[in-house]
$ cat input31.cif   # mmCIF, N, CA and C atoms
data_run
#
loop_
_atom_site.label_atom_id
_atom_site.label_comp_id
_atom_site.auth_asym_id
_atom_site.auth_seq_id
_atom_site.Cartn_x
_atom_site.Cartn_y
_atom_site.Cartn_z
N MET Z 183 0.83 -1.18 0.00
CA MET Z 183 0.00 0.00 0.00
C MET Z 183 0.88 1.25 0.00
N ARG Z 184 0.61 2.15 -0.89
CA ARG Z 184 1.37 3.39 -0.99
C ARG Z 184 0.86 4.37 0.06
N GLU Z 185 1.80 4.86 0.87
CA GLU Z 185 1.43 5.87 1.86
C GLU Z 185 2.08 7.18 1.45
N SER Z 186 1.38 8.26 1.73
CA SER Z 186 1.92 9.55 1.35
C SER Z 186 1.44 10.64 2.30
N VAL Z 187 2.13 11.75 2.21
CA VAL Z 187 1.77 12.96 2.94
C VAL Z 187 1.73 14.06 1.89
N GLN Z 188 0.70 14.88 1.94
CA GLN Z 188 0.67 16.00 1.01
C GLN Z 188 0.09 17.22 1.71
N ALA Z 189 0.46 18.36 1.19
CA ALA Z 189 -0.03 19.64 1.71
C ALA Z 189 -0.02 20.63 0.57
N GLU Z 190 -0.87 21.64 0.68
CA GLU Z 190 -0.84 22.72 -0.29
C GLU Z 190 -0.45 23.99 0.45
N VAL Z 191 0.53 24.69 -0.10
CA VAL Z 191 0.97 25.96 0.48
C VAL Z 191 0.92 27.02 -0.61
N MET Z 192 0.81 28.24 -0.17
CA MET Z 192 0.88 29.36 -1.11
C MET Z 192 2.31 29.88 -1.10
N MET Z 193 2.87 30.05 -2.28
CA MET Z 193 4.21 30.60 -2.42
C MET Z 193 4.13 31.84 -3.29
N SER Z 194 5.05 32.75 -3.08
CA SER Z 194 5.17 33.92 -3.94
C SER Z 194 6.17 33.60 -5.03
N PHE Z 195 5.74 33.69 -6.27
CA PHE Z 195 6.62 33.52 -7.42
C PHE Z 195 7.23 34.89 -7.69
N LEU Z 196 8.54 35.01 -7.51
CA LEU Z 196 9.24 36.29 -7.62
C LEU Z 196 9.69 36.48 -9.06
N VAL Z 197 8.92 37.22 -9.82
CA VAL Z 197 9.21 37.46 -11.23
C VAL Z 197 10.35 38.46 -11.38
N SER Z 198 10.33 39.51 -10.56
CA SER Z 198 11.40 40.52 -10.53
C SER Z 198 11.40 41.13 -9.14
N GLU Z 199 12.27 42.12 -8.92
CA GLU Z 199 12.30 42.78 -7.62
C GLU Z 199 10.98 43.48 -7.31
N ASP Z 200 10.28 43.91 -8.36
CA ASP Z 200 9.05 44.68 -8.19
C ASP Z 200 7.78 43.88 -8.44
N LEU Z 201 7.90 42.67 -8.94
CA LEU Z 201 6.72 41.91 -9.33
C LEU Z 201 6.77 40.49 -8.78
N SER Z 202 5.71 40.12 -8.09
CA SER Z 202 5.55 38.74 -7.64
C SER Z 202 4.06 38.43 -7.58
N PHE Z 203 3.73 37.16 -7.63
CA PHE Z 203 2.34 36.77 -7.43
C PHE Z 203 2.30 35.44 -6.73
N ARG Z 204 1.21 35.22 -5.99
CA ARG Z 204 1.07 34.02 -5.17
C ARG Z 204 0.47 32.89 -6.00
N ILE Z 205 1.03 31.72 -5.80
CA ILE Z 205 0.55 30.53 -6.51
C ILE Z 205 0.42 29.38 -5.52
N PRO Z 206 -0.50 28.46 -5.77
CA PRO Z 206 -0.59 27.26 -4.94
C PRO Z 206 0.48 26.26 -5.35
N VAL Z 207 1.09 25.65 -4.36
CA VAL Z 207 2.12 24.63 -4.59
C VAL Z 207 1.77 23.41 -3.74
N GLU Z 208 1.72 22.26 -4.39
CA GLU Z 208 1.46 21.01 -3.67
C GLU Z 208 2.79 20.40 -3.26
N LEU Z 209 2.91 20.09 -1.97
CA LEU Z 209 4.07 19.35 -1.47
C LEU Z 209 3.62 17.92 -1.27
N ARG Z 210 4.44 16.98 -1.71
CA ARG Z 210 4.06 15.57 -1.61
C ARG Z 210 5.28 14.73 -1.23
N TYR Z 211 5.03 13.76 -0.35
CA TYR Z 211 6.06 12.81 0.08
C TYR Z 211 5.43 11.43 0.05
N GLU Z 212 6.14 10.46 -0.55
CA GLU Z 212 5.61 9.11 -0.68
C GLU Z 212 6.61 8.10 -0.14
N THR Z 213 6.11 7.10 0.54
CA THR Z 213 6.99 6.08 1.10
C THR Z 213 7.66 5.24 0.01
N CYS Z 214 7.09 5.23 -1.20
CA CYS Z 214 7.72 4.46 -2.28
C CYS Z 214 8.98 5.16 -2.78
N ASP Z 215 9.18 6.43 -2.43
CA ASP Z 215 10.39 7.18 -2.78
C ASP Z 215 10.79 7.98 -1.54
N PRO Z 216 11.27 7.29 -0.50
CA PRO Z 216 11.38 7.91 0.83
C PRO Z 216 12.45 8.99 0.98
N TYR Z 217 13.33 9.14 0.02
CA TYR Z 217 14.35 10.18 0.13
C TYR Z 217 13.93 11.49 -0.53
N ALA Z 218 12.82 11.49 -1.23
CA ALA Z 218 12.45 12.64 -2.07
C ALA Z 218 11.17 13.33 -1.61
N VAL Z 219 11.08 14.61 -1.94
CA VAL Z 219 9.83 15.36 -1.84
C VAL Z 219 9.53 15.90 -3.23
N ARG Z 220 8.26 16.11 -3.49
CA ARG Z 220 7.82 16.66 -4.77
C ARG Z 220 7.10 17.96 -4.52
N LEU Z 221 7.46 18.96 -5.30
CA LEU Z 221 6.77 20.24 -5.27
C LEU Z 221 6.15 20.44 -6.64
N THR Z 222 4.82 20.56 -6.68
CA THR Z 222 4.13 20.79 -7.94
C THR Z 222 3.60 22.21 -7.94
N PHE Z 223 4.13 23.00 -8.88
CA PHE Z 223 3.80 24.41 -9.00
C PHE Z 223 2.66 24.57 -9.99
N HIS Z 224 1.64 25.30 -9.58
CA HIS Z 224 0.48 25.55 -10.43
C HIS Z 224 0.53 27.00 -10.90
N LEU Z 225 1.27 27.24 -11.98
CA LEU Z 225 1.44 28.59 -12.52
C LEU Z 225 0.26 28.94 -13.40
N PRO Z 226 -0.24 30.17 -13.30
CA PRO Z 226 -1.39 30.57 -14.12
C PRO Z 226 -1.11 30.41 -15.61
N GLY Z 227 -2.04 29.78 -16.31
CA GLY Z 227 -1.92 29.64 -17.76
C GLY Z 227 -0.98 28.56 -18.23
N ASP Z 228 -0.30 27.87 -17.32
CA ASP Z 228 0.63 26.81 -17.71
C ASP Z 228 0.20 25.49 -17.07
N ALA Z 229 0.70 24.41 -17.64
CA ALA Z 229 0.49 23.11 -17.04
C ALA Z 229 1.30 23.04 -15.73
N PRO Z 230 0.83 22.29 -14.75
CA PRO Z 230 1.59 22.15 -13.50
C PRO Z 230 3.00 21.63 -13.78
N VAL Z 231 3.95 22.10 -12.99
CA VAL Z 231 5.35 21.70 -13.11
C VAL Z 231 5.78 21.09 -11.78
N THR Z 232 6.35 19.88 -11.84
CA THR Z 232 6.77 19.18 -10.63
C THR Z 232 8.29 19.10 -10.56
N TRP Z 233 8.83 19.46 -9.41
CA TRP Z 233 10.25 19.32 -9.12
C TRP Z 233 10.40 18.28 -8.02
N VAL Z 234 11.37 17.40 -8.18
CA VAL Z 234 11.65 16.37 -7.19
C VAL Z 234 13.07 16.59 -6.69
N PHE Z 235 13.21 16.62 -5.37
CA PHE Z 235 14.55 16.75 -4.79
C PHE Z 235 14.54 16.13 -3.40
N GLY Z 236 15.70 16.05 -2.79
CA GLY Z 236 15.86 15.35 -1.52
C GLY Z 236 15.11 15.99 -0.37
N ARG Z 237 14.45 15.15 0.41
CA ARG Z 237 13.76 15.64 1.60
C ARG Z 237 14.76 16.28 2.55
N GLU Z 238 15.95 15.73 2.64
CA GLU Z 238 16.97 16.28 3.53
C GLU Z 238 17.37 17.69 3.12
N LEU Z 239 17.36 17.98 1.82
CA LEU Z 239 17.65 19.34 1.35
C LEU Z 239 16.61 20.32 1.88
N LEU Z 240 15.34 19.93 1.86
CA LEU Z 240 14.29 20.80 2.37
C LEU Z 240 14.44 20.97 3.88
N VAL Z 241 14.75 19.89 4.59
CA VAL Z 241 14.97 19.96 6.04
C VAL Z 241 16.11 20.94 6.34
N ASP Z 242 17.23 20.79 5.65
CA ASP Z 242 18.38 21.66 5.89
C ASP Z 242 18.10 23.10 5.46
N GLY Z 243 17.37 23.27 4.36
CA GLY Z 243 17.14 24.59 3.79
C GLY Z 243 16.28 25.52 4.62
N VAL Z 244 15.47 24.98 5.52
CA VAL Z 244 14.67 25.86 6.36
C VAL Z 244 15.50 26.47 7.49
N GLY Z 245 16.69 25.91 7.72
CA GLY Z 245 17.54 26.41 8.79
C GLY Z 245 18.77 27.14 8.34
N ARG Z 246 19.23 26.83 7.12
CA ARG Z 246 20.45 27.47 6.61
C ARG Z 246 20.46 27.37 5.10
N ALA Z 247 21.22 28.26 4.47
CA ALA Z 247 21.33 28.22 3.01
C ALA Z 247 22.02 26.92 2.59
N CYS Z 248 21.43 26.23 1.64
CA CYS Z 248 22.05 25.00 1.15
C CYS Z 248 21.54 24.68 -0.24
N GLY Z 249 22.18 23.73 -0.85
CA GLY Z 249 21.78 23.26 -2.17
C GLY Z 249 22.92 23.29 -3.14
N ASP Z 250 22.97 22.29 -3.97
CA ASP Z 250 23.92 22.20 -5.07
C ASP Z 250 23.13 21.94 -6.33
N GLY Z 251 23.65 22.39 -7.43
CA GLY Z 251 22.98 22.09 -8.69
C GLY Z 251 21.76 22.94 -8.92
N ASP Z 252 20.64 22.28 -9.22
CA ASP Z 252 19.43 22.96 -9.69
C ASP Z 252 18.52 23.52 -8.59
N VAL Z 253 18.69 23.07 -7.35
CA VAL Z 253 17.80 23.48 -6.27
C VAL Z 253 18.61 24.08 -5.12
N HIS Z 254 18.23 25.30 -4.73
CA HIS Z 254 18.84 25.98 -3.58
C HIS Z 254 17.72 26.48 -2.69
N ILE Z 255 17.91 26.32 -1.37
CA ILE Z 255 16.91 26.77 -0.40
C ILE Z 255 17.64 27.52 0.70
N ALA Z 256 17.06 28.65 1.12
CA ALA Z 256 17.69 29.44 2.18
C ALA Z 256 16.63 30.19 2.96
N PRO Z 257 16.80 30.25 4.30
CA PRO Z 257 15.91 31.12 5.09
C PRO Z 257 16.23 32.57 4.76
N THR Z 258 15.24 33.44 4.90
CA THR Z 258 15.43 34.85 4.58
C THR Z 258 14.53 35.70 5.45
N GLY Z 259 14.65 36.98 5.35
CA GLY Z 259 13.79 37.89 6.09
C GLY Z 259 14.43 38.37 7.37
N HIS Z 260 13.68 39.17 8.10
CA HIS Z 260 14.17 39.75 9.34
C HIS Z 260 14.40 38.67 10.39
N ASP Z 261 13.42 37.82 10.56
CA ASP Z 261 13.57 36.69 11.47
C ASP Z 261 14.03 35.53 10.61
N GLU Z 262 15.18 34.96 10.94
CA GLU Z 262 15.80 33.92 10.11
C GLU Z 262 14.85 32.77 9.81
N PHE Z 263 13.89 32.50 10.71
CA PHE Z 263 13.00 31.36 10.50
C PHE Z 263 11.60 31.79 10.06
N ASP Z 264 11.49 32.96 9.47
CA ASP Z 264 10.21 33.49 9.02
C ASP Z 264 9.83 32.95 7.64
N GLU Z 265 10.71 33.15 6.68
CA GLU Z 265 10.45 32.72 5.30
C GLU Z 265 11.70 32.07 4.72
N ALA Z 266 11.47 31.34 3.64
CA ALA Z 266 12.58 30.74 2.89
C ALA Z 266 12.40 31.09 1.42
N VAL Z 267 13.53 31.13 0.72
CA VAL Z 267 13.52 31.31 -0.72
C VAL Z 267 13.98 30.01 -1.35
N ILE Z 268 13.23 29.55 -2.33
CA ILE Z 268 13.58 28.35 -3.08
C ILE Z 268 13.95 28.80 -4.49
N ARG Z 269 15.16 28.47 -4.92
CA ARG Z 269 15.59 28.83 -6.28
C ARG Z 269 15.74 27.55 -7.08
N LEU Z 270 15.03 27.48 -8.18
CA LEU Z 270 15.09 26.35 -9.10
C LEU Z 270 15.74 26.83 -10.38
N GLN Z 271 16.70 26.07 -10.88
CA GLN Z 271 17.46 26.52 -12.05
C GLN Z 271 17.56 25.41 -13.08
N VAL Z 272 17.32 25.80 -14.33
CA VAL Z 272 17.51 24.91 -15.47
C VAL Z 272 18.37 25.67 -16.46
N GLY Z 273 19.60 25.22 -16.64
CA GLY Z 273 20.51 25.94 -17.51
C GLY Z 273 20.70 27.35 -17.00
N GLY Z 274 20.50 28.34 -17.85
CA GLY Z 274 20.63 29.73 -17.46
C GLY Z 274 19.36 30.34 -16.90
N ASP Z 275 18.25 29.61 -16.95
CA ASP Z 275 16.97 30.11 -16.45
C ASP Z 275 16.76 29.71 -15.00
N GLN Z 276 16.16 30.60 -14.23
CA GLN Z 276 15.86 30.27 -12.85
C GLN Z 276 14.50 30.84 -12.45
N ALA Z 277 13.93 30.21 -11.44
CA ALA Z 277 12.68 30.69 -10.87
C ALA Z 277 12.88 30.78 -9.36
N LEU Z 278 12.41 31.89 -8.79
CA LEU Z 278 12.52 32.12 -7.36
C LEU Z 278 11.13 32.10 -6.72
N PHE Z 279 11.04 31.44 -5.58
CA PHE Z 279 9.79 31.34 -4.84
C PHE Z 279 10.06 31.66 -3.37
N ARG Z 280 9.16 32.40 -2.76
CA ARG Z 280 9.26 32.69 -1.32
C ARG Z 280 8.08 32.01 -0.64
N VAL Z 281 8.38 31.36 0.51
CA VAL Z 281 7.36 30.62 1.24
C VAL Z 281 7.61 30.76 2.73
N GLY Z 282 6.53 30.76 3.50
CA GLY Z 282 6.66 30.75 4.95
C GLY Z 282 7.28 29.44 5.41
N ILE Z 283 8.15 29.53 6.40
CA ILE Z 283 8.81 28.31 6.90
C ILE Z 283 7.85 27.46 7.72
N ALA Z 284 6.90 28.07 8.42
CA ALA Z 284 5.98 27.30 9.27
C ALA Z 284 5.25 26.19 8.51
N PRO Z 285 4.66 26.46 7.31
CA PRO Z 285 4.00 25.35 6.61
C PRO Z 285 4.97 24.28 6.13
N LEU Z 286 6.21 24.68 5.80
CA LEU Z 286 7.20 23.67 5.41
C LEU Z 286 7.54 22.77 6.60
N LEU Z 287 7.71 23.38 7.78
CA LEU Z 287 8.01 22.59 8.97
C LEU Z 287 6.86 21.65 9.32
N ALA Z 288 5.62 22.13 9.17
CA ALA Z 288 4.46 21.26 9.44
C ALA Z 288 4.44 20.07 8.48
N PHE Z 289 4.72 20.32 7.20
CA PHE Z 289 4.78 19.25 6.22
C PHE Z 289 5.90 18.27 6.56
N LEU Z 290 7.09 18.80 6.86
CA LEU Z 290 8.23 17.93 7.18
C LEU Z 290 7.98 17.12 8.44
N ASP Z 291 7.29 17.69 9.41
CA ASP Z 291 6.94 16.95 10.62
C ASP Z 291 6.05 15.76 10.28
N ARG Z 292 5.11 15.96 9.37
CA ARG Z 292 4.23 14.86 8.95
C ARG Z 292 5.00 13.79 8.20
N THR Z 293 5.99 14.19 7.37
CA THR Z 293 6.79 13.18 6.66
C THR Z 293 7.63 12.38 7.66
N ASP Z 294 8.12 13.08 8.69
CA ASP Z 294 8.95 12.42 9.69
C ASP Z 294 8.14 11.41 10.51
N LYS Z 295 6.87 11.69 10.71
CA LYS Z 295 6.01 10.74 11.43
C LYS Z 295 5.74 9.51 10.57
N LEU Z 296 5.70 9.69 9.26
CA LEU Z 296 5.49 8.58 8.34
C LEU Z 296 6.76 7.75 8.20
N VAL Z 297 7.88 8.42 7.93
CA VAL Z 297 9.20 7.78 7.82
C VAL Z 297 10.20 8.70 8.50
N PRO Z 298 10.66 8.34 9.70
CA PRO Z 298 11.62 9.20 10.39
C PRO Z 298 12.87 9.43 9.53
N LEU Z 299 13.36 10.66 9.57
CA LEU Z 299 14.57 11.01 8.83
C LEU Z 299 15.70 10.08 9.28
N GLY Z 300 16.39 9.48 8.32
CA GLY Z 300 17.45 8.53 8.62
C GLY Z 300 16.98 7.08 8.60
N GLN Z 301 15.68 6.87 8.54
CA GLN Z 301 15.12 5.51 8.53
C GLN Z 301 14.59 5.10 7.16
N GLU Z 302 14.91 5.87 6.13
CA GLU Z 302 14.37 5.60 4.80
C GLU Z 302 14.74 4.21 4.29
N ARG Z 303 15.95 3.76 4.58
CA ARG Z 303 16.39 2.45 4.08
C ARG Z 303 15.65 1.29 4.70
N SER Z 304 14.95 1.55 5.80
CA SER Z 304 14.24 0.46 6.47
C SER Z 304 13.00 0.02 5.69
N LEU Z 305 12.63 0.80 4.69
CA LEU Z 305 11.47 0.41 3.88
C LEU Z 305 11.89 -0.69 2.91
N ALA Z 306 11.38 -1.89 3.10
CA ALA Z 306 11.78 -3.04 2.29
C ALA Z 306 11.53 -2.82 0.81
N ASP Z 307 10.39 -2.23 0.46
CA ASP Z 307 10.06 -2.03 -0.94
C ASP Z 307 11.02 -1.06 -1.63
N PHE Z 308 11.60 -0.15 -0.87
CA PHE Z 308 12.48 0.84 -1.49
C PHE Z 308 13.67 0.15 -2.15
N ASP Z 309 14.29 -0.81 -1.47
CA ASP Z 309 15.43 -1.51 -2.06
C ASP Z 309 15.03 -2.24 -3.33
N THR Z 310 13.84 -2.84 -3.33
CA THR Z 310 13.35 -3.53 -4.53
C THR Z 310 13.16 -2.54 -5.67
N HIS Z 311 12.51 -1.40 -5.39
CA HIS Z 311 12.28 -0.38 -6.42
C HIS Z 311 13.61 0.19 -6.92
N LEU Z 312 14.56 0.38 -6.02
CA LEU Z 312 15.87 0.90 -6.42
C LEU Z 312 16.57 -0.08 -7.34
N ASP Z 313 16.57 -1.37 -6.99
CA ASP Z 313 17.19 -2.38 -7.84
C ASP Z 313 16.53 -2.42 -9.21
N GLU Z 314 15.20 -2.37 -9.24
CA GLU Z 314 14.48 -2.38 -10.51
C GLU Z 314 14.83 -1.16 -11.35
N ALA Z 315 14.90 -0.01 -10.73
CA ALA Z 315 15.23 1.23 -11.45
C ALA Z 315 16.65 1.17 -11.99
N LEU Z 316 17.59 0.69 -11.20
CA LEU Z 316 18.98 0.59 -11.66
C LEU Z 316 19.10 -0.38 -12.83
N HIS Z 317 18.42 -1.50 -12.76
CA HIS Z 317 18.45 -2.47 -13.87
C HIS Z 317 17.84 -1.86 -15.13
N ARG Z 318 16.75 -1.13 -14.98
CA ARG Z 318 16.11 -0.48 -16.10
C ARG Z 318 17.05 0.56 -16.74
N ILE Z 319 17.70 1.36 -15.91
CA ILE Z 319 18.63 2.37 -16.42
C ILE Z 319 19.79 1.73 -17.15
N LEU Z 320 20.36 0.68 -16.57
CA LEU Z 320 21.47 -0.01 -17.22
C LEU Z 320 21.04 -0.63 -18.53
N ALA Z 321 19.88 -1.20 -18.58
CA ALA Z 321 19.38 -1.81 -19.82
C ALA Z 321 19.18 -0.74 -20.90
N GLU Z 322 18.65 0.44 -20.50
CA GLU Z 322 18.46 1.52 -21.47
C GLU Z 322 19.80 2.04 -21.99
N GLU Z 323 20.79 2.13 -21.12
CA GLU Z 323 22.11 2.60 -21.54
C GLU Z 323 22.77 1.60 -22.49
N GLN Z 324 22.62 0.32 -22.21
CA GLN Z 324 23.22 -0.70 -23.07
C GLN Z 324 22.55 -0.74 -24.42
N SER Z 325 21.22 -0.58 -24.47
CA SER Z 325 20.53 -0.62 -25.75
C SER Z 325 20.80 0.66 -26.56
N ALA Z 326 21.06 1.78 -25.89
CA ALA Z 326 21.35 3.04 -26.59
C ALA Z 326 22.79 3.07 -27.09
N GLY Z 327 23.66 2.39 -26.40
CA GLY Z 327 25.07 2.49 -26.74
C GLY Z 327 25.50 1.39 -27.60
#

$ encode --input "input31.cif" --output "C-alpha cells"
Amino acid sequence: MRESVQAEVMMSFLVSEDLSFRIPVELRYETCDPYAVRLTFHLPGDAPVTWVFGRELLVDGVGRACGDGDVHIAPTGHDEFDEAVIRLQVGGDQALFRVGIAPLLAFLDRTDKLVPLGQERSLADFDTHLDEALHRILAEEQSAG
C-alpha cells in the first residue's frame, strides 16, 4: 500500500524585484520514494510543473542556506526562521519562490512521522524499487550504446 503525505501551500513567485504573485504549490512525500519530496507548482496559464529533490535538502534549507545544482533553499527575512527562498534553475533560467517556513516545517513533521529522517532504508520495498530502477537504467544505456 502506498502511503503519502501531502499539503498545499501558497508561495510567492518572484518574477522581478518589483513583481511577484502568489501561486498554490502542492508538497508531496511518498513512502515508495522515501528520500524525495515533490513540489508541484500551479502557474497561471501553464500546465503544472513538478520538481523532485531530496527531503533532507528541504529539512536543511529551512535552517540554513544549502543546495547544489538545480535546487537551492535558504531562510530569509528579518527573522531567520520566518520565510525561505527556493531557487530552481535549469541551464541559465531560474525561478525564485518565497514561502513561509511554518507550513514547510508542518509538512516535514508529517513526513517524519510517516518515515523518520534517517530511517528511509528500512522500507523493504524501497530496495526492490531501487534495484528495478537501476536495472532499467542499465538496460536503457546498453541498448542506446

$ atom_distance --input "input31.cif" --atom1 "CA of Val191 in chain Z" --atom2 "CA of Gln301 in chain Z"
26.1 Å

$ atom_distance --input "input31.cif" --atom1 "atom C of Gly251 in chain Z" --atom2 "atom N of Leu201 in chain Z"
24.1 Å

$ atom_distance --input "input31.cif" --atom1 "CA of Ile255 in chain Z" --atom2 "CA of Asp215 in chain Z"
20.8 Å

$ residues_around --input "input31.cif" --residues "Arg237 in chain Z" --least-positions-apart "4" --cutoff "8 Å" --atoms "all atoms listed in the file" --output "list in words"
Pro216, Tyr217, Ala218, Val219, Arg220, Val241, Asp242 and Gly243 of chain Z

$ select_by_dssp --input "input31.cif" --residues "range 193-246 of chain Z" --states "alpha helix (DSSP H)" --output "VMD selection string"
chain Z and resid 237 to 243

$ select_by_dssp --input "input31.cif" --residues "chain Z" --states "strand (DSSP E or B)" --output "PyMOL selection string"
chain Z and resi 186-196+202-212+218-223+231-236+248+253-258+265-272+275-282

$ build_atoms --input "input31.cif" --residues "range 217-226 of chain Z" --atoms "all heavy atoms" --output "CSV table (one decimal), in the frame of the given file"
chain,number,residue,atom,x,y,z
Z,217,TYR,N,13.3,9.1,0.0
Z,217,TYR,CA,14.4,10.2,0.1
Z,217,TYR,C,13.9,11.5,-0.5
Z,217,TYR,O,14.6,12.5,-0.4
Z,217,TYR,CB,15.7,9.7,-0.5
Z,217,TYR,CG,16.3,8.6,0.2
Z,217,TYR,CD1,16.2,7.3,-0.1
Z,217,TYR,CD2,17.1,8.9,1.4
Z,217,TYR,CE1,16.9,6.3,0.6
Z,217,TYR,CE2,17.7,7.9,2.1
Z,217,TYR,CZ,17.6,6.6,1.7
Z,217,TYR,OH,18.2,5.6,2.4
Z,218,ALA,N,12.8,11.5,-1.2
Z,218,ALA,CA,12.4,12.6,-2.1
Z,218,ALA,C,11.2,13.3,-1.6
Z,218,ALA,O,10.3,12.7,-1.0
Z,218,ALA,CB,12.3,12.2,-3.5
Z,219,VAL,N,11.1,14.6,-1.9
Z,219,VAL,CA,9.8,15.4,-1.8
Z,219,VAL,C,9.5,15.9,-3.2
Z,219,VAL,O,10.4,16.1,-4.0
Z,219,VAL,CB,9.9,16.5,-0.8
Z,219,VAL,CG1,10.0,16.0,0.6
Z,219,VAL,CG2,11.0,17.5,-1.1
Z,220,ARG,N,8.3,16.1,-3.5
Z,220,ARG,CA,7.8,16.7,-4.8
Z,220,ARG,C,7.1,18.0,-4.5
Z,220,ARG,O,6.2,18.0,-3.7
Z,220,ARG,CB,6.9,15.7,-5.5
Z,220,ARG,CG,7.6,14.5,-6.0
Z,220,ARG,CD,6.7,13.3,-6.4
Z,220,ARG,NE,7.4,12.3,-7.0
Z,220,ARG,CZ,8.3,11.5,-6.5
Z,220,ARG,NH1,8.5,11.6,-5.2
Z,220,ARG,NH2,8.9,10.5,-7.2
Z,221,LEU,N,7.5,19.0,-5.3
Z,221,LEU,CA,6.8,20.2,-5.3
Z,221,LEU,C,6.2,20.4,-6.6
Z,221,LEU,O,6.9,20.4,-7.6
Z,221,LEU,CB,7.7,21.4,-5.0
Z,221,LEU,CG,8.0,21.7,-3.5
Z,221,LEU,CD1,8.7,20.6,-2.8
Z,221,LEU,CD2,8.8,23.0,-3.4
Z,222,THR,N,4.8,20.6,-6.7
Z,222,THR,CA,4.1,20.8,-7.9
Z,222,THR,C,3.6,22.2,-7.9
Z,222,THR,O,2.8,22.6,-7.1
Z,222,THR,CB,3.0,19.8,-8.1
Z,222,THR,OG1,3.5,18.5,-8.1
Z,222,THR,CG2,2.3,20.0,-9.5
Z,223,PHE,N,4.1,23.0,-8.9
Z,223,PHE,CA,3.8,24.4,-9.0
Z,223,PHE,C,2.7,24.6,-10.0
Z,223,PHE,O,2.7,24.1,-11.1
Z,223,PHE,CB,5.0,25.2,-9.5
Z,223,PHE,CG,6.2,25.1,-8.5
Z,223,PHE,CD1,7.1,24.1,-8.6
Z,223,PHE,CD2,6.3,26.1,-7.5
Z,223,PHE,CE1,8.2,24.0,-7.7
Z,223,PHE,CE2,7.3,26.0,-6.6
Z,223,PHE,CZ,8.3,25.0,-6.7
Z,224,HIS,N,1.6,25.3,-9.6
Z,224,HIS,CA,0.5,25.6,-10.4
Z,224,HIS,C,0.5,27.0,-10.9
Z,224,HIS,O,0.0,27.9,-10.3
Z,224,HIS,CB,-0.8,25.2,-9.7
Z,224,HIS,CG,-0.9,23.8,-9.2
Z,224,HIS,ND1,-1.4,22.8,-10.1
Z,224,HIS,CD2,-0.5,23.2,-8.1
Z,224,HIS,CE1,-1.3,21.7,-9.4
Z,224,HIS,NE2,-0.8,21.9,-8.2
Z,225,LEU,N,1.3,27.2,-12.0
Z,225,LEU,CA,1.4,28.6,-12.5
Z,225,LEU,C,0.3,28.9,-13.4
Z,225,LEU,O,-0.2,28.1,-14.2
Z,225,LEU,CB,2.7,28.7,-13.3
Z,225,LEU,CG,4.0,28.4,-12.5
Z,225,LEU,CD1,5.2,28.2,-13.4
Z,225,LEU,CD2,4.3,29.6,-11.6
Z,226,PRO,N,-0.2,30.2,-13.3
Z,226,PRO,CA,-1.4,30.6,-14.1
Z,226,PRO,C,-1.1,30.4,-15.6
Z,226,PRO,O,-0.1,30.8,-16.1
Z,226,PRO,CB,-1.6,32.0,-13.8
Z,226,PRO,CG,-0.8,32.3,-12.5
Z,226,PRO,CD,0.2,31.3,-12.5
